[in-house]
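Asks: So here's protein.cif (mmCIF, C-alpha atoms).
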data_final
#
loop_
_atom_site.label_atom_id
_atom_site.label_comp_id
_atom_site.auth_asym_id
_atom_site.auth_seq_id
_atom_site.Cartn_x
_atom_site.Cartn_y
_atom_site.Cartn_z
CA MET A 197 135.53 19.86 57.41
CA LYS A 198 133.45 22.25 59.43
CA ILE A 199 135.22 24.58 61.85
CA ARG A 200 133.23 25.73 64.74
CA ASN A 201 133.80 29.10 66.26
CA PRO A 202 134.02 28.75 70.03
CA GLN A 203 132.60 32.27 70.58
CA SER A 204 129.40 31.67 68.64
CA GLY A 205 127.94 29.62 71.47
CA GLU A 206 127.54 32.65 73.73
CA LYS A 207 124.22 34.49 73.78
CA ASN A 208 124.01 38.24 73.46
CA GLU A 209 121.94 39.81 76.23
CA LEU A 210 120.30 43.22 76.15
CA ASN A 211 121.24 45.66 78.88
CA MET A 212 117.87 46.32 80.56
CA THR A 213 119.22 48.93 82.98
CA SER A 214 119.73 51.59 80.33
CA MET A 215 116.35 50.72 78.75
CA ILE A 216 114.57 51.27 82.10
CA ASP A 217 116.47 54.56 82.58
CA ILE A 218 115.20 55.86 79.24
CA VAL A 219 111.62 54.80 80.02
CA PHE A 220 111.72 56.66 83.36
CA LEU A 221 113.21 59.76 81.71
CA LEU A 222 110.39 59.77 79.14
CA LEU A 223 107.82 59.27 81.89
CA ILE A 224 109.23 62.19 83.91
CA PHE A 225 109.31 64.38 80.78
CA PHE A 226 105.65 63.74 79.95
CA VAL A 227 104.50 64.21 83.54
CA MET A 228 106.37 67.50 83.88
CA THR A 229 105.13 68.93 80.56
CA PHE A 230 101.48 67.94 81.07
CA LYS A 231 99.22 70.97 81.41
CA ILE A 232 95.83 70.71 83.05
CA VAL A 233 93.24 72.66 81.08
CA GLU A 234 90.45 74.47 82.91
CA MET A 235 86.95 73.30 82.23
CA GLU A 236 85.21 75.31 79.57
CA GLY A 237 81.63 76.44 79.81
CA ASP A 238 81.57 77.05 83.56
CA PHE A 239 80.15 80.57 83.53
CA SER A 240 78.40 82.27 86.40
CA VAL A 241 75.73 84.07 84.40
CA LYS A 242 73.10 86.00 86.29
CA MET A 243 69.88 85.63 84.32
CA PRO A 244 66.61 87.40 85.14
CA LEU A 245 63.78 85.29 86.47
CA ALA A 246 61.10 84.27 84.00
CA GLY A 247 57.88 86.22 84.17
CA SER A 248 59.37 89.17 85.98
CA SER A 249 57.89 92.13 84.12
CA ASN A 250 59.28 94.71 86.54
CA SER A 251 62.00 96.39 84.52
CA THR A 252 63.42 98.84 87.03
CA VAL A 253 67.16 99.19 86.67
CA ASP A 254 69.20 99.60 89.81
CA PRO A 255 71.84 102.28 89.15
CA THR A 256 74.38 100.35 91.23
CA GLU A 257 74.20 97.39 88.84
CA LEU A 258 75.62 99.49 86.02
CA PRO A 259 79.35 100.15 86.13
CA LEU A 260 80.19 103.61 87.38
CA LYS A 261 82.65 105.31 85.02
CA LEU A 262 85.37 107.40 86.64
CA ARG A 263 87.37 109.54 84.19
CA LEU A 264 90.71 111.00 85.31
CA ARG A 265 92.23 113.60 82.94
CA SER A 266 95.79 114.91 83.12
CA ASP A 267 98.05 117.45 81.44
CA ASP A 268 101.40 116.70 79.77
CA THR A 269 103.26 116.66 83.10
CA GLY A 270 100.94 114.02 84.61
CA THR A 271 99.13 116.37 86.97
CA LEU A 272 95.41 115.78 87.50
CA VAL A 273 93.38 118.47 85.68
CA GLY A 274 89.91 116.96 85.97
CA MET A 275 87.92 114.11 87.41
CA GLU A 276 84.35 113.10 86.60
CA LEU A 277 82.11 110.26 87.69
CA ASN A 278 79.35 109.45 85.19
CA ASP A 279 79.59 113.00 83.71
CA ILE A 280 79.49 114.64 87.17
CA GLN A 281 82.46 117.00 87.52
CA MET A 282 84.46 116.43 90.72
CA GLY A 283 87.22 119.00 90.23
CA ASN A 284 90.95 118.46 90.43
CA GLY A 285 92.16 119.47 93.90
CA PRO A 286 92.55 117.43 97.08
CA GLU A 287 88.89 118.08 97.92
CA ALA A 288 87.89 116.33 94.68
CA PHE A 289 88.62 112.92 96.18
CA ASP A 290 86.41 113.70 99.20
CA LYS A 291 83.66 114.83 96.81
CA LEU A 292 84.15 111.58 94.86
CA ARG A 293 83.73 109.53 98.06
CA GLY A 294 80.57 111.47 98.95
CA THR A 295 79.13 110.94 95.46
CA ILE A 296 79.89 107.20 95.65
CA ILE A 297 78.14 106.99 99.02
CA GLY A 298 75.15 108.80 97.50
CA GLN A 299 75.12 106.48 94.45
CA ILE A 300 75.20 103.20 96.35
CA GLY A 301 72.59 104.38 98.83
CA SER A 302 74.22 104.49 102.25
CA SER A 303 77.50 104.73 104.06
CA ALA A 304 77.03 101.21 105.42
CA PRO A 305 79.21 98.45 103.99
CA VAL A 306 78.03 96.88 100.75
CA ALA A 307 77.27 93.18 101.05
CA GLU A 308 78.44 91.39 97.95
CA GLU A 309 76.80 88.05 97.27
CA ALA A 310 78.22 85.86 94.52
CA GLY A 311 79.98 88.68 92.68
CA GLU A 312 77.13 91.16 92.96
CA GLY A 313 77.55 94.77 93.92
CA PRO A 314 78.54 98.03 92.33
CA GLU A 315 81.49 98.23 89.96
CA VAL A 316 83.73 101.16 88.99
CA GLU A 317 85.58 101.44 85.69
CA ILE A 318 88.53 103.84 85.92
CA ASP A 319 89.51 105.55 82.66
CA THR A 320 92.76 107.52 82.82
CA ASP A 321 95.05 109.45 80.54
CA TYR A 322 98.29 107.68 79.64
CA ASN A 323 100.64 110.06 81.42
CA LEU A 324 98.63 110.50 84.64
CA ARG A 325 100.74 109.97 87.76
CA TYR A 326 99.99 106.84 89.77
CA GLU A 327 99.43 108.78 92.98
CA TYR A 328 96.13 110.13 91.58
CA VAL A 329 95.00 106.67 90.51
CA ILE A 330 95.77 105.29 93.98
CA ARG A 331 93.91 108.17 95.64
CA ALA A 332 90.90 107.54 93.38
CA ILE A 333 90.93 103.81 94.20
CA THR A 334 91.13 104.66 97.90
CA ALA A 335 88.20 107.09 97.59
CA VAL A 336 85.88 104.59 95.88
CA SER A 337 86.88 101.44 97.78
CA GLY A 338 86.08 102.66 101.28
CA TYR A 339 87.19 104.66 104.27
CA LYS A 340 88.07 104.26 107.92
CA ASP A 341 85.49 105.35 110.51
CA GLY A 342 87.35 105.24 113.83
CA ASP A 343 88.55 101.66 114.19
CA GLN A 344 86.01 100.29 111.70
CA VAL A 345 86.75 100.00 107.97
CA VAL A 346 83.71 100.82 105.82
CA LYS A 347 83.91 99.15 102.39
CA LEU A 348 82.10 100.86 99.54
CA ILE A 349 83.03 99.31 96.18
CA GLU A 350 85.25 96.27 95.84
CA LYS A 351 84.98 95.61 92.09
CA ILE A 352 87.29 98.00 90.25
CA LYS A 353 88.36 97.59 86.62
CA PHE A 354 90.50 99.73 84.37
CA ALA A 355 89.89 100.94 80.84
CA LYS A 356 92.78 101.10 78.40
CA PRO A 357 94.76 104.32 79.10
CA ARG A 358 94.22 107.12 76.58
CA ARG A 359 97.19 108.67 74.83
#
Mind converting the file's structure to structure tokens?

Replies:
Amino acid sequence: MKIRNPQSGEKNELNMTSMIDIVFLLLIFFVMTFKIVEMEGDFSVKMPLAGSSNSTVDPTELPLKLRLRSDDTGTLVGMELNDIQMGNGPEAFDKLRGTIIGQIGSSAPVAEEAGEGPEVEIDTDYNLRYEYVIRAITAVSGYKDGDQVVKLIEKIKFAKPRR
């Protein structure tokens, strides 16, 4: 005689609510951890025109090298721009500004088109105080003439500090 179990007639159903919760959690995880990578190969390279045999080099296209030297206490002991000694006192920064104006050609603002224009690389000693670096940046970047701001050099980069 066969005995039937009365509970075997019921169907087992899957709980879809918890399954949907897990799918949404995974979706949120992948969306939040997705990183957009910048396109490679998009360089703005300035190439010379073909057939241009004129090989004059504009001195403002080369980076100007500003060297700031200090003693052990961090005080400025010397400043030179492309091997031109500027001194180390407060008047040295005015002399630096005058030399920059002479190098770029005029005291009028420099028009930069598509990243062009003069560039200054500042090379400092490791223990030089920041106040001298800020004063040097102020001297090469421009000055105020009355109510008008005259910009000189906007592209400034730093060399690794020397120990």

Asks: Just want the 7 Å neighbourhood of A:Phe289, counted on all atoms listed in the file, with same-chain residues fewer than 3 positions away dropped. Output as a ChimeraX atom specification.

Replies: /A:286,292-293,332,335

Asks: Between A:Ile300, A:Met282, A:Leu277, A:Ile318, single out the one closest to A:Ile330, counting all atoms listed in the file.

Replies: A:Ile318

Asks: Using Å and a single decimal, report how far atom CA of A:Gln299 sits from atom CA of A:Ser337.

Replies: 13.2 Å

Asks: Using all atoms listed in the file, which of the listed residues (A:Leu221, A:Val273, A:Leu264, A:Leu348) sits closest to A:Gly298?

Replies: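 Looking only at the distances to A:Gly298, the closest residue turns out to be A:Leu348.
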
Asks: Using all atoms listed in the file, which residue out of A:Lys351, A:Lys291, A:Lys231, A:Lys207 lies closest to A:Glu317?

Replies: A:Lys351

Asks: Determine the residue membership of the PyMOL selection byres ((chain A and resi 339-341) around 12) for the file above and supply it as a PyMOL selection string.

Replies: chain A and resi 289-290+293-294+296-297+303-305+331-338+342-349

Asks: One decimal, Å: what's the distance from atom CA of A:Pro314 over to atom CA of A:Phe354, could you say?

Replies: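 Value for the atom CA of A:Pro314-atom CA of A:Phe354 distance: 14.5 Å.
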
Asks: Pick out the closest residue to A:Arg359 from this set: A:Asp217, A:Asp321, A:Glu287, A:Asp268. Count all atoms listed in the file.

Replies: A:Asp321

Asks: Atom CA of A:Arg358 to atom CA of A:Gly283: how many Å, to one decimal?

Replies: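 Distance between the two atoms: 19.4 Å.
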
Asks: Can you list what the PyMOL selection byres ((chain A and resi 276) around 10) grabs from this structure, as number ranges by chain?

Replies: A: 261-265, 274-275, 277-284, 288, 292, 319
